>>> print(open('start.txt').read())   # compact mmCIF, C-alpha atoms and all ligand atoms
# COMPACT_ATOMS: atom_id res chain seq x y z
CA MET M 979 87.32 115.47 89.50
CA PRO M 980 86.08 118.57 91.36
CA ALA M 981 84.99 117.83 94.94
CA ALA M 982 81.34 118.61 94.22
CA ALA M 983 81.12 116.78 90.87
CA TYR M 984 77.83 115.04 90.15
CA LYS M 985 77.68 112.08 87.82
CA ILE M 986 75.04 112.45 85.14
CA ARG M 987 73.76 109.98 82.58
CA ILE M 988 71.60 111.14 79.64
CA LYS M 989 69.70 108.42 77.79
CA LEU M 990 67.35 109.95 75.21
CA GLU M 991 66.10 108.48 71.95
CA ASN M 992 65.36 111.96 70.68
CA LYS M 993 68.85 112.91 69.50
CA LEU M 994 67.99 116.61 69.25
CA MET M 995 66.99 116.65 72.90
CA GLN M 996 70.07 114.59 73.83
CA LYS M 997 72.32 117.18 72.14
CA LYS M 998 70.43 120.02 73.82
CA PHE M 999 70.99 118.53 77.28
CA GLU M 1000 74.63 117.70 76.57
CA LYS M 1001 75.27 121.26 75.47
CA ILE M 1002 73.72 122.76 78.59
CA ILE M 1003 75.49 120.30 80.88
CA SER M 1004 78.86 121.01 79.31
CA GLN M 1005 78.40 124.61 80.49
CA ILE M 1006 77.91 123.57 84.14
CA PRO M 1007 81.20 122.55 85.80
CA ASP M 1008 79.46 120.55 88.57
CA PHE M 1009 78.56 117.71 86.18
CA ILE M 1010 80.54 114.78 84.83
CA THR M 1011 78.85 112.79 82.07
CA GLN M 1012 79.03 109.02 82.57
CA ASP M 1013 79.56 106.63 79.69
CA ASP M 1014 78.39 103.00 79.52
CA GLU M 1015 81.70 101.74 80.93
CA ASP M 1016 81.25 103.73 84.11
CA PHE M 1017 79.50 101.52 86.68
CA GLU M 1018 79.51 104.03 89.46
CA ARG M 1019 76.26 105.23 90.95
CA THR M 1020 74.59 107.96 88.90
CA ASP M 1021 73.60 111.14 90.74
CA LEU M 1022 71.24 112.34 88.03
CA MET M 1023 69.72 110.41 85.15
CA ILE M 1024 67.77 111.99 82.34
CA ILE M 1025 65.53 109.55 80.50
CA GLU M 1026 62.69 109.60 78.04
CA LEU M 1027 59.13 108.46 78.54
CA SER M 1028 58.75 105.31 76.44
CA LYS M 1029 55.67 104.41 74.37
CA ASP M 1030 54.47 102.40 77.33
CA PRO M 1031 54.83 104.94 80.16
CA ASN M 1032 54.26 102.27 82.84
CA LEU M 1033 57.48 100.53 81.74
CA THR M 1034 59.39 103.76 82.24
CA PHE M 1035 57.79 104.30 85.66
CA GLU M 1036 58.71 100.77 86.77
CA LEU M 1037 62.31 101.25 85.62
CA MET M 1038 62.50 104.57 87.46
CA GLN M 1039 61.26 103.05 90.69
CA THR M 1040 63.74 100.16 90.47
CA LEU M 1041 66.66 102.51 89.84
CA LEU M 1042 65.67 104.83 92.66
CA ASN M 1043 64.80 102.10 95.18
CA ASN M 1044 68.09 100.30 94.58
CA TYR M 1045 70.04 103.56 95.03
CA GLU M 1046 71.53 103.10 91.56
CA VAL M 1047 70.41 106.62 90.71
CA GLY M 1048 70.05 109.66 92.94
CA GLU M 1049 67.42 111.59 90.95
CA ILE M 1050 65.63 111.18 87.63
CA PHE M 1051 64.51 113.87 85.21
CA LEU M 1052 62.01 112.84 82.55
CA SER M 1053 61.72 114.10 79.00
CA SER M 1054 58.77 113.48 76.68
CA ASP M 1055 57.58 114.52 73.23
CA SER M 1056 54.09 115.16 74.54
CA ILE M 1057 52.73 116.41 77.83
CA ASP M 1058 49.63 114.86 79.29
CA HIS M 1059 48.46 115.97 82.72
CA ASN M 1060 47.69 112.42 83.88
CA ILE M 1061 51.09 111.17 82.81
CA LEU M 1062 52.76 114.09 84.51
CA THR M 1063 51.11 113.19 87.83
CA LYS M 1064 52.07 109.53 87.46
CA ALA M 1065 55.64 110.50 86.59
CA ARG M 1066 55.88 112.51 89.80
CA TRP M 1067 54.56 109.54 91.79
CA ALA M 1068 57.17 107.31 90.16
CA GLY M 1069 59.85 109.72 91.38
CA ALA M 1070 60.54 112.06 88.43
CA ARG M 1071 61.94 115.24 89.93
CA GLU M 1072 61.56 117.41 86.79
CA PHE M 1073 59.62 116.96 83.59
CA PHE M 1074 60.57 118.45 80.21
CA GLY M 1075 58.26 118.70 77.19
CA PRO M 1076 59.13 119.37 73.53
CA ASN M 1077 58.92 123.13 74.01
CA THR M 1078 60.92 123.42 77.21
CA GLU M 1079 63.32 126.35 76.95
CA GLU M 1080 67.05 125.93 77.52
CA SER M 1081 66.84 128.38 80.42
CA GLU M 1082 64.23 126.16 82.16
CA ILE M 1083 66.50 123.10 81.81
CA LYS M 1084 69.40 125.09 83.21
CA SER M 1085 67.33 126.21 86.20
CA ALA M 1086 66.24 122.60 86.85
CA LEU M 1087 69.88 121.49 86.84
CA GLU M 1088 70.85 124.31 89.17
CA ARG M 1089 68.06 123.31 91.56
CA PHE M 1090 69.44 119.75 91.46
CA VAL M 1091 72.94 120.99 92.36
CA LEU M 1092 71.55 123.00 95.29
CA ARG M 1093 69.55 120.01 96.60
CA GLN M 1094 72.55 117.70 96.32
CA ALA M 1095 74.98 120.13 97.92
CA LYS M 1096 72.58 120.43 100.87
CA ALA M 1097 72.18 116.64 101.14
CA ARG M 1098 75.94 116.05 100.92
CA ALA M 1099 76.59 118.63 103.62
CA GLU M 1100 74.01 116.94 105.87
CA ASP M 1101 75.42 113.44 105.59
CA ALA M 1102 79.03 114.24 104.91
CA PRO M 1103 81.12 111.21 105.83
CA VAL M 1104 82.31 111.45 109.39
CA LYS M 1105 85.22 109.09 108.91
CA GLU M 1106 88.31 109.18 106.79
CA GLY M 1107 89.59 105.69 107.49
CA GLN M 1108 93.17 104.58 107.16
CA VAL M 1109 93.90 101.69 104.80
CA ILE M 1110 96.70 99.43 106.07
CA SER M 1111 97.87 96.74 103.65
CA VAL M 1112 99.81 93.84 105.10
CA MET M 1113 101.88 92.23 102.37
CA GLY M 1114 104.25 89.28 102.58
CA SER M 1115 107.70 89.37 101.05
CA LYS M 1116 107.16 85.61 100.60
CA GLY M 1117 104.47 83.08 101.45
CA GLY M 1118 104.12 81.86 105.03
CA VAL M 1119 105.90 84.80 106.71
CA GLY M 1120 102.94 85.61 108.97
CA VAL M 1121 100.80 88.03 106.94
CA THR M 1122 97.48 86.59 108.12
CA THR M 1123 98.64 86.36 111.74
CA ILE M 1124 99.60 90.04 111.60
CA ALA M 1125 96.52 91.28 109.71
CA VAL M 1126 94.10 89.42 112.01
CA ASN M 1127 95.75 90.33 115.30
CA LEU M 1128 96.43 93.91 114.33
CA ALA M 1129 92.76 94.35 113.30
CA VAL M 1130 91.59 92.80 116.59
CA SER M 1131 93.92 95.03 118.64
CA LEU M 1132 92.75 98.14 116.78
CA ALA M 1133 89.12 97.16 117.45
CA ALA M 1134 89.74 96.61 121.20
CA LYS M 1135 86.97 98.15 123.29
CA GLU M 1136 89.19 100.77 124.91
CA HIS M 1137 89.95 102.38 121.53
CA ASN M 1138 86.35 102.57 120.29
CA LYS M 1139 87.43 102.29 116.63
CA ALA M 1140 85.49 100.83 113.72
CA VAL M 1141 87.72 98.27 112.01
CA ALA M 1142 87.30 96.21 108.84
CA LEU M 1143 89.49 93.31 107.77
CA LEU M 1144 89.62 92.31 104.11
CA ASP M 1145 91.08 89.07 102.87
CA MET M 1146 92.31 89.81 99.38
CA LYS M 1147 94.48 86.70 99.12
CA LEU M 1148 93.03 84.13 96.76
CA PHE M 1149 91.76 81.18 98.85
CA GLY M 1150 92.69 83.20 101.93
CA ASP M 1151 92.14 81.86 105.43
CA VAL M 1152 91.35 84.96 107.53
CA HIS M 1153 87.92 83.55 108.45
CA LEU M 1154 89.57 80.38 109.83
CA PHE M 1155 91.84 82.46 112.08
CA MET M 1156 88.72 84.10 113.53
CA GLU M 1157 86.36 81.15 113.56
CA ILE M 1158 83.59 82.88 111.71
CA GLU M 1159 81.32 81.49 109.05
CA PRO M 1160 80.88 84.25 106.53
CA SER M 1161 77.92 84.18 104.19
CA TYR M 1162 79.48 86.58 101.70
CA THR M 1163 82.89 87.31 100.22
CA TRP M 1164 84.25 90.20 98.16
CA MET M 1165 82.78 88.41 95.10
CA GLU M 1166 79.31 89.62 96.14
CA ILE M 1167 80.65 93.14 96.25
CA THR M 1168 82.21 93.02 92.82
CA LYS M 1169 78.95 91.64 91.39
CA ASN M 1170 76.92 94.50 92.81
CA ILE M 1171 79.19 97.46 92.41
CA PRO M 1172 76.48 99.91 91.20
CA LEU M 1173 74.55 99.25 94.42
CA MET M 1174 77.46 99.63 96.71
CA ASP M 1175 77.01 102.05 99.54
CA ALA M 1176 77.43 101.91 103.30
CA SER M 1177 74.14 100.08 103.97
CA PHE M 1178 74.82 97.43 101.31
CA LEU M 1179 78.32 96.86 102.67
CA LYS M 1180 77.03 96.55 106.23
CA SER M 1181 74.73 93.73 105.13
CA ILE M 1182 77.62 91.88 103.45
CA LEU M 1183 80.33 92.13 106.11
CA THR M 1184 80.53 89.45 108.81
CA SER M 1185 80.93 90.68 112.36
CA ALA M 1186 83.50 88.75 114.38
CA PRO M 1187 83.14 88.53 118.21
CA SER M 1188 86.19 90.82 118.46
CA GLY M 1189 84.15 93.58 116.83
CA VAL M 1190 86.10 93.42 113.56
CA HIS M 1191 84.00 93.47 110.36
CA VAL M 1192 85.37 90.83 108.03
CA LEU M 1193 85.20 90.53 104.27
CA PRO M 1194 86.65 87.12 103.36
CA SER M 1195 88.05 85.91 100.09
CA PRO M 1196 86.01 83.61 97.82
CA ALA M 1197 86.65 79.87 98.15
CA TYR M 1198 86.85 79.35 94.40
CA LEU M 1199 88.66 81.00 91.54
CA PRO M 1200 86.49 83.84 90.25
CA THR M 1201 86.45 83.79 86.46
CA HIS M 1202 84.14 86.75 86.13
CA ASN M 1203 83.16 89.62 88.41
CA MET M 1204 86.80 89.98 89.22
CA ALA M 1205 87.96 92.62 91.66
CA THR M 1206 89.02 95.03 88.93
CA PRO M 1207 90.94 98.20 89.87
CA GLU M 1208 87.80 100.32 89.32
CA LYS M 1209 85.76 98.13 91.66
CA ILE M 1210 88.52 98.11 94.26
CA GLU M 1211 88.69 101.88 94.17
CA ARG M 1212 84.95 102.16 94.78
CA LEU M 1213 85.02 99.52 97.54
CA PHE M 1214 87.79 101.29 99.45
CA LYS M 1215 86.18 104.68 98.98
CA VAL M 1216 82.96 103.51 100.65
CA MET M 1217 84.83 101.55 103.33
CA SER M 1218 87.03 104.45 104.31
CA GLN M 1219 83.89 106.46 105.03
CA MET M 1220 82.57 103.71 107.31
CA PHE M 1221 85.65 102.59 109.22
CA ASP M 1222 88.55 104.14 111.10
CA PHE M 1223 90.89 101.38 109.96
CA ILE M 1224 90.73 98.99 107.03
CA VAL M 1225 93.31 96.24 107.39
CA VAL M 1226 93.99 94.15 104.30
CA ASP M 1227 95.54 90.68 104.12
CA MET M 1228 97.26 91.00 100.74
CA GLY M 1229 99.00 87.64 100.63
CA HIS M 1230 102.34 88.01 98.87
CA VAL M 1231 101.47 88.27 95.18
CA LEU M 1232 101.57 91.50 93.20
CA ASN M 1233 98.79 91.53 90.63
CA GLN M 1234 96.31 94.00 89.14
CA THR M 1235 94.12 93.88 92.26
CA THR M 1236 96.82 94.07 94.92
CA LEU M 1237 98.58 96.87 93.03
CA LYS M 1238 95.40 98.93 93.08
CA ILE M 1239 95.04 98.30 96.82
CA LEU M 1240 98.62 99.42 97.35
CA GLU M 1241 97.78 102.58 95.44
CA VAL M 1242 94.88 103.44 97.75
CA SER M 1243 96.69 102.38 100.95
CA ASP M 1244 97.81 104.87 103.57
CA ARG M 1245 100.39 102.44 104.91
CA VAL M 1246 101.92 99.26 103.55
CA PHE M 1247 103.39 96.78 105.98
CA LEU M 1248 105.96 94.63 104.19
CA VAL M 1249 106.40 91.51 106.26
CA ALA M 1250 109.74 89.71 106.37
CA VAL M 1251 111.48 87.16 108.51
CA GLN M 1252 115.20 87.23 109.21
CA ASN M 1253 116.51 85.42 106.15
CA PHE M 1254 118.24 86.38 102.91
CA PRO M 1255 115.52 85.33 100.45
CA CYS M 1256 113.09 87.70 102.24
CA MET M 1257 115.60 90.57 102.09
CA ALA M 1258 116.19 89.92 98.38
CA LYS M 1259 112.45 89.87 97.68
CA ILE M 1260 111.85 93.12 99.58
CA HIS M 1261 114.64 94.69 97.57
CA MET M 1262 112.83 93.77 94.36
CA MET M 1263 109.54 95.09 95.71
CA GLN M 1264 111.14 98.39 96.74
CA ARG M 1265 112.47 98.78 93.21
CA THR M 1266 109.12 97.90 91.68
CA PHE M 1267 107.36 100.47 93.87
CA ARG M 1268 109.91 103.09 92.95
CA ASP M 1269 109.34 102.42 89.25
CA LEU M 1270 105.56 102.43 89.66
CA GLY M 1271 105.65 105.66 91.62
CA TYR M 1272 103.64 104.19 94.51
CA PRO M 1273 103.31 103.43 97.35
CA ALA M 1274 105.41 106.35 98.58
CA ARG M 1275 108.60 105.36 100.39
CA GLU M 1276 107.48 106.93 103.67
CA ASP M 1277 104.29 104.83 103.60
CA ILE M 1278 106.15 101.52 103.30
CA HIS M 1279 107.02 99.98 106.66
CA ILE M 1280 109.15 96.90 107.20
CA ILE M 1281 107.81 94.49 109.82
CA LEU M 1282 110.12 91.74 111.03
CA ASN M 1283 107.99 88.82 112.14
CA GLY M 1284 109.17 85.93 114.30
CA TYR M 1285 111.94 88.23 115.43
CA VAL M 1286 114.84 86.90 117.53
CA LYS M 1287 117.72 89.06 118.72
CA LYS M 1288 120.42 86.48 118.15
CA ALA M 1289 120.13 85.63 114.48
CA ASN M 1290 122.46 85.70 111.47
CA ILE M 1291 120.65 88.79 110.27
CA ASP M 1292 119.97 91.44 112.92
CA ILE M 1293 118.04 94.71 112.71
CA GLU M 1294 121.14 96.67 111.68
CA ASP M 1295 121.80 94.22 108.81
CA VAL M 1296 118.22 94.64 107.61
CA LYS M 1297 118.54 98.40 107.76
CA LYS M 1298 121.80 98.33 105.79
CA SER M 1299 120.52 95.87 103.23
CA LEU M 1300 117.16 97.60 102.60
CA GLY M 1301 118.21 101.17 103.21
CA GLN M 1302 115.37 101.75 105.61
CA GLU M 1303 114.59 101.32 109.30
CA VAL M 1304 112.63 98.35 110.61
CA PHE M 1305 109.28 99.82 111.63
CA TRP M 1306 108.21 97.07 114.02
CA THR M 1307 109.31 93.66 115.27
CA ILE M 1308 106.97 90.88 116.36
CA PRO M 1309 108.64 88.30 118.62
CA LYS M 1310 108.99 84.66 117.68
CA ASP M 1311 106.36 82.53 119.39
CA TYR M 1312 105.40 79.58 117.26
CA LEU M 1313 103.48 77.72 119.96
CA THR M 1314 101.15 80.62 120.78
CA THR M 1315 100.51 81.59 117.14
CA ILE M 1316 99.79 78.02 116.05
CA SER M 1317 97.48 77.45 119.03
CA ALA M 1318 95.57 80.63 118.12
CA ILE M 1319 95.28 79.47 114.49
CA ASN M 1320 94.11 75.99 115.46
CA GLU M 1321 91.55 77.34 117.89
CA GLY M 1322 90.39 79.91 115.34
CA GLN M 1323 90.83 82.70 117.88
CA PRO M 1324 92.85 85.91 117.97
CA LEU M 1325 95.89 86.07 120.27
CA ALA M 1326 94.18 88.60 122.54
CA LYS M 1327 91.57 85.94 123.35
CA ILE M 1328 93.76 82.90 123.98
CA ALA M 1329 96.99 84.49 125.22
CA PRO M 1330 96.33 88.06 126.41
CA LYS M 1331 99.45 88.19 128.58
CA LYS M 1332 102.04 86.85 126.11
CA GLY M 1333 104.75 89.11 124.69
CA ILE M 1334 103.52 88.60 121.12
CA THR M 1335 100.02 89.80 122.04
CA LYS M 1336 101.50 92.83 123.79
CA SER M 1337 103.47 93.61 120.64
CA PHE M 1338 100.22 93.78 118.60
CA LYS M 1339 98.57 95.96 121.26
CA GLU M 1340 101.47 98.40 121.18
CA LEU M 1341 101.51 98.50 117.40
CA ALA M 1342 97.77 99.26 117.38
CA GLN M 1343 98.28 102.02 119.95
CA LEU M 1344 101.02 103.55 117.81
CA LEU M 1345 98.77 103.55 114.72
CA ILE M 1346 95.91 105.06 116.68
CA ASN M 1347 98.12 107.85 118.04
CA GLU M 1348 99.89 108.51 114.77
CA PRO M 1349 97.24 109.47 112.19
CA GLU M 1350 96.95 112.98 113.58
CA GLU M 1351 100.73 113.39 113.57
CA ARG M 1352 100.94 112.06 110.00
CA LYS M 1353 98.26 114.49 108.85
CA ARG M 1354 100.12 117.36 110.46
N1 LIG R 1401 105.61 85.67 115.30
C1 LIG R 1401 105.59 84.40 114.98
N2 LIG R 1401 106.39 83.50 115.60
C2 LIG R 1401 106.39 82.21 115.26
N3 LIG R 1401 105.61 81.67 114.32
C3 LIG R 1401 104.77 82.50 113.67
C4 LIG R 1401 104.73 83.89 113.95
N4 LIG R 1401 103.80 84.46 113.14
C5 LIG R 1401 103.29 83.45 112.39
N5 LIG R 1401 103.86 82.29 112.70
C6 LIG R 1401 103.57 80.97 112.13
O1 LIG R 1401 103.83 81.01 110.74
C7 LIG R 1401 102.91 80.20 110.05
C8 LIG R 1401 102.30 80.99 108.90
O2 LIG R 1401 101.54 82.05 109.42
P1 LIG R 1401 100.46 82.81 108.55
O3 LIG R 1401 99.45 81.87 108.04
O4 LIG R 1401 100.02 83.98 109.34
O5 LIG R 1401 101.39 83.29 107.34
P2 LIG R 1401 100.95 83.86 105.91
O6 LIG R 1401 102.04 84.76 105.45
O7 LIG R 1401 99.59 84.43 105.98
O8 LIG R 1401 100.93 82.52 105.06
P3 LIG R 1401 100.27 82.30 103.59
O9 LIG R 1401 101.31 82.79 102.61
O10 LIG R 1401 100.07 80.82 103.53
O11 LIG R 1401 99.00 83.07 103.55
C9 LIG R 1401 101.88 79.74 111.06
O12 LIG R 1401 102.14 78.40 111.37
C10 LIG R 1401 102.11 80.59 112.28
O13 LIG R 1401 101.92 79.87 113.48
MG MG R 1402 97.88 84.05 104.88
>>> encode(input="start.txt", output="structure tokens")
Amino acid sequence: MPAAAYKIRIKLENKLMQKKFEKIISQIPDFITQDDEDFERTDLMIIELSKDPNLTFELMQTLLNNYEVGEIFLSSDSIDHNILTKARWAGAREFFGPNTEESEIKSALERFVLRQAKARAEDAPVKEGQVISVMGSKGGVGVTTIAVNLAVSLAAKEHNKAVALLDMKLFGDVHLFMEIEPSYTWMEITKNIPLMDASFLKSILTSAPSGVHVLPSPAYLPTHNMATPEKIERLFKVMSQMFDFIVVDMGHVLNQTTLKILEVSDRVFLVAVQNFPCMAKIHMMQRTFRDLGYPAREDIHIILNGYVKKANIDIEDVKKSLGQEVFWTIPKDYLTTISAINEGQPLAKIAPKKGITKSFKELAQLLINEPEERKR
């Protein structure tokens, strides 16, 4: 899709007019025509004045007020001055009658492109956030501990970074680790995908005292409004414009949703502990990722959690077995981690001086320093 592509939806009863618009639009490279399966926000909608014009005006106002549509052009078989005025009040940007020339339609579309280009330049997203997925090689290896404490360390005051934490594990417990009572989960997002923009997301995310913006997982099995790959893509697109870092608790299951998140991730932290079943599972995941073609090998980082120097499997063994370096180790400290979980507080709050907390701080610092180097 070209960078400046505008999504257009044409909904006309008058098939001749519909064809006329489609033909003109096909000649302008800035437009992409949306079909009914495409739930993304529409930049420009062309509709027809119905027999009851007030119905059309109401619909237009709803679409525009809910940000489902950027602009609306109106087409009608007859032109009445009164109606024209009302249509303008309802938000119609251009009005086409039965005798409107093709050249006039083309000029109206070009004016739209100019307006939009100006608007996009004015509020171009300032951020290009990094998506970090934390994925377990097995259950219970410390994914939530890592996702929560990494997010909190990234959001520490001294860094001044905007950080979001998403719990994409079914029946996940991120909110319990942070003692927050969220009103919404990612279910609300997937229900309202056409409305999704930064202001909608802000109203849905729960702010934790640490400054992290949390999107928890639903407490029941969603049978509809699932987080489909298309919805996930849209969610992460909007989030990466709002936040510097988006940390995701992925659990340890590969499914349609987690695979899509891996695809849009800048980094994937594969969490293991020092045992053979974990090594075997990471091996399988590495092969799966190679076959899929993503995530790229250089974006996959092995994190050894609960690390102890004197173990049957040491860092060198891991490196040999997996064919890649261990990116980070987090020391073993069961007592501190379980106290943090039971108090519903991040490690930085209950044990700021412990080695494990320091490890998260240093990892956050590395990630904050590194994006520029990675880009280079
Ligand atoms: N570095 C560590 N040292 C010792 N124990 C740890 C460490 N990290 C996590 N744990 C402990 O491991 C247990 C599981 O942690 P956590 O819930 O973070 O894992 P998980 O991978 O998210 O589990 P699940 O698969 O159930 O979501 C907790 O009891 C926690 O205290
Ligand atoms: Mg977990």
>>> axis_aligned_box(input="start.txt", around="ligand LIG 1401 (chain R)", padding_each_side="6 Å", output="lines of an AutoDock Vina configuration file")
center_x = 102.7
center_y = 82.0
center_z = 109.1
size_x = 19.4
size_y = 19.3
size_z = 25.0
>>> residues_near_point(input="start.txt", point="(121.9, 87.9, 102.5)", cutoff="9 Å", atoms="all atoms listed in the file", output="list in words")
Asn1253, Phe1254, Pro1255, Cys1256, Met1257, Ala1258, Ile1291, Asp1295 and Ser1299 of chain M
>>> write_last_selection(input="start.txt", atoms="C-alpha atoms", output="PDB file, in the frame of the given file")
ATOM      1  CA  ASN M1253     116.510  85.420 106.150  1.00  0.00           C
ATOM      2  CA  PHE M1254     118.240  86.380 102.910  1.00  0.00           C
ATOM      3  CA  PRO M1255     115.520  85.330 100.450  1.00  0.00           C
ATOM      4  CA  CYS M1256     113.090  87.700 102.240  1.00  0.00           C
ATOM      5  CA  MET M1257     115.600  90.570 102.090  1.00  0.00           C
ATOM      6  CA  ALA M1258     116.190  89.920  98.380  1.00  0.00           C
ATOM      7  CA  ILE M1291     120.650  88.790 110.270  1.00  0.00           C
ATOM      8  CA  ASP M1295     121.800  94.220 108.810  1.00  0.00           C
ATOM      9  CA  SER M1299     120.520  95.870 103.230  1.00  0.00           C
TER      10      SER M1299
END
>>> residues_near_ligand(input="start.txt", ligand="ligand LIG 1401 (chain R)", cutoff="10 Å", atoms="all atoms listed in the file", output="PyMOL selection string")
chain M and resi 1112-1127+1145+1147-1152+1155+1227-1231+1249-1251+1282-1286+1307-1320+1334-1335+1337
>>> closest_residue(input="start.txt", among="M:His1153, M:Lys985, M:Lys1332, M:Lys1180", to="ligand MG 1402 (chain R)", atoms="only C-alpha atoms and all ligand atoms")
M:His1153
>>> residues_around(input="start.txt", residues="region 1063-1078 of chain M", least_positions_apart="4", cutoff="12 Å", atoms="all atoms listed in the file", output="VMD selection string")
chain M and resid 990 992 994 to 996 998 to 999 1022 to 1028 1031 to 1043 1047 to 1059 1082 to 1090 1093
>>> residues_around(input="start.txt", residues="Ala1129 (chain M)", least_positions_apart="6", cutoff="7 Å", atoms="all atoms listed in the file", output="PyMOL selection string")
chain M and resi 1141+1143+1190+1225
>>> closest_residue(input="start.txt", among="M:His1279, M:Asp1222, M:Pro1007, M:Phe1247", to="His1137 (chain M)", atoms="only C-alpha atoms")
M:Asp1222
>>> residues_around(input="start.txt", residues="Phe1305 (chain M)", least_positions_apart="2", cutoff="7 Å", atoms="only C-alpha atoms", output="JSON, numbers by chain")
{"M": [1279, 1280, 1281, 1303]}
>>> atom_distance(input="start.txt", atom1="CA of Glu1208 (chain M)", atom2="CA of Asp1008 (chain M)")
21.9 Å
>>> residues_around(input="start.txt", residues="Leu1240 (chain M)", least_positions_apart="6", cutoff="8 Å", atoms="all atoms listed in the file", output="VMD selection string")
chain M and resid 1111 1246 1272 to 1273
>>> closest_residue(input="start.txt", among="M:Leu1344, M:Ile986, M:Met1146, M:Ala1095", to="ligand MG 1402 (chain R)", atoms="only C-alpha atoms and all ligand atoms")
M:Met1146
>>> residues_around(input="start.txt", residues="region 1014-1016 of chain M", least_positions_apart="4", cutoff="12 Å", atoms="only C-alpha atoms", output="PDB file with C-alpha atoms, in the frame of the given file")
ATOM      1  CA  LYS M 985      77.680 112.080  87.820  1.00  0.00           C
ATOM      2  CA  ILE M 986      75.040 112.450  85.140  1.00  0.00           C
ATOM      3  CA  ARG M 987      73.760 109.980  82.580  1.00  0.00           C
ATOM      4  CA  ILE M 988      71.600 111.140  79.640  1.00  0.00           C
ATOM      5  CA  LYS M 989      69.700 108.420  77.790  1.00  0.00           C
ATOM      6  CA  ILE M1010      80.540 114.780  84.830  1.00  0.00           C
ATOM      7  CA  THR M1020      74.590 107.960  88.900  1.00  0.00           C
ATOM      8  CA  ILE M1171      79.190  97.460  92.410  1.00  0.00           C
ATOM      9  CA  PRO M1172      76.480  99.910  91.200  1.00  0.00           C
ATOM     10  CA  GLU M1208      87.800 100.320  89.320  1.00  0.00           C
ATOM     11  CA  LYS M1209      85.760  98.130  91.660  1.00  0.00           C
ATOM     12  CA  ARG M1212      84.950 102.160  94.780  1.00  0.00           C
TER      13      ARG M1212
END
>>> atom_distance(input="start.txt", atom1="CA of Asp1269 (chain M)", atom2="CA of Leu1232 (chain M)")
14.0 Å
>>> closest_residue(input="start.txt", among="M:Ile1328, M:Met1174, M:Ile1158, M:Leu1144", to="ligand MG 1402 (chain R)", atoms="only C-alpha atoms and all ligand atoms")
M:Leu1144
>>> atom_distance(input="start.txt", atom1="CA of Val1296 (chain M)", atom2="CA of Phe1267 (chain M)")
18.5 Å
>>> decode(input="start.txt", residues="region 1224-1250 of chain M", atoms="C-alpha atoms", output="PDB file, in the first residue's frame")
ATOM      1  CA  ILE M1224       4.561  -2.108  23.777  1.00  0.00           C
ATOM      2  CA  VAL M1225       5.346  -5.146  25.897  1.00  0.00           C
ATOM      3  CA  VAL M1226       3.200  -8.219  25.305  1.00  0.00           C
ATOM      4  CA  ASP M1227       2.643 -11.165  27.650  1.00  0.00           C
ATOM      5  CA  MET M1228       2.163 -13.885  25.027  1.00  0.00           C
ATOM      6  CA  GLY M1229       1.824 -16.880  27.323  1.00  0.00           C
ATOM      7  CA  HIS M1230       3.392 -19.913  25.682  1.00  0.00           C
ATOM      8  CA  VAL M1231       0.876 -20.994  23.038  1.00  0.00           C
ATOM      9  CA  LEU M1232       1.325 -20.397  19.324  1.00  0.00           C
ATOM     10  CA  ASN M1233      -2.028 -19.698  17.705  1.00  0.00           C
ATOM     11  CA  GLN M1234      -3.484 -17.434  15.027  1.00  0.00           C
ATOM     12  CA  THR M1235      -3.394 -14.409  17.346  1.00  0.00           C
ATOM     13  CA  THR M1236       0.062 -14.898  18.862  1.00  0.00           C
ATOM     14  CA  LEU M1237       1.534 -15.649  15.427  1.00  0.00           C
ATOM     15  CA  LYS M1238       0.237 -12.332  14.127  1.00  0.00           C
ATOM     16  CA  ILE M1239       1.731 -10.549  17.137  1.00  0.00           C
ATOM     17  CA  LEU M1240       5.066 -12.238  16.474  1.00  0.00           C
ATOM     18  CA  GLU M1241       4.851 -10.985  12.915  1.00  0.00           C
ATOM     19  CA  VAL M1242       4.443  -7.361  14.007  1.00  0.00           C
ATOM     20  CA  SER M1243       6.995  -7.589  16.846  1.00  0.00           C
ATOM     21  CA  ASP M1244      10.332  -5.817  16.734  1.00  0.00           C
ATOM     22  CA  ARG M1245      11.795  -8.213  19.277  1.00  0.00           C
ATOM     23  CA  VAL M1246      10.706 -11.581  20.606  1.00  0.00           C
ATOM     24  CA  PHE M1247      11.956 -12.674  23.998  1.00  0.00           C
ATOM     25  CA  LEU M1248      11.831 -16.460  24.216  1.00  0.00           C
ATOM     26  CA  VAL M1249      11.864 -17.335  27.888  1.00  0.00           C
ATOM     27  CA  ALA M1250      13.480 -20.548  29.097  1.00  0.00           C
TER      28      ALA M1250
END
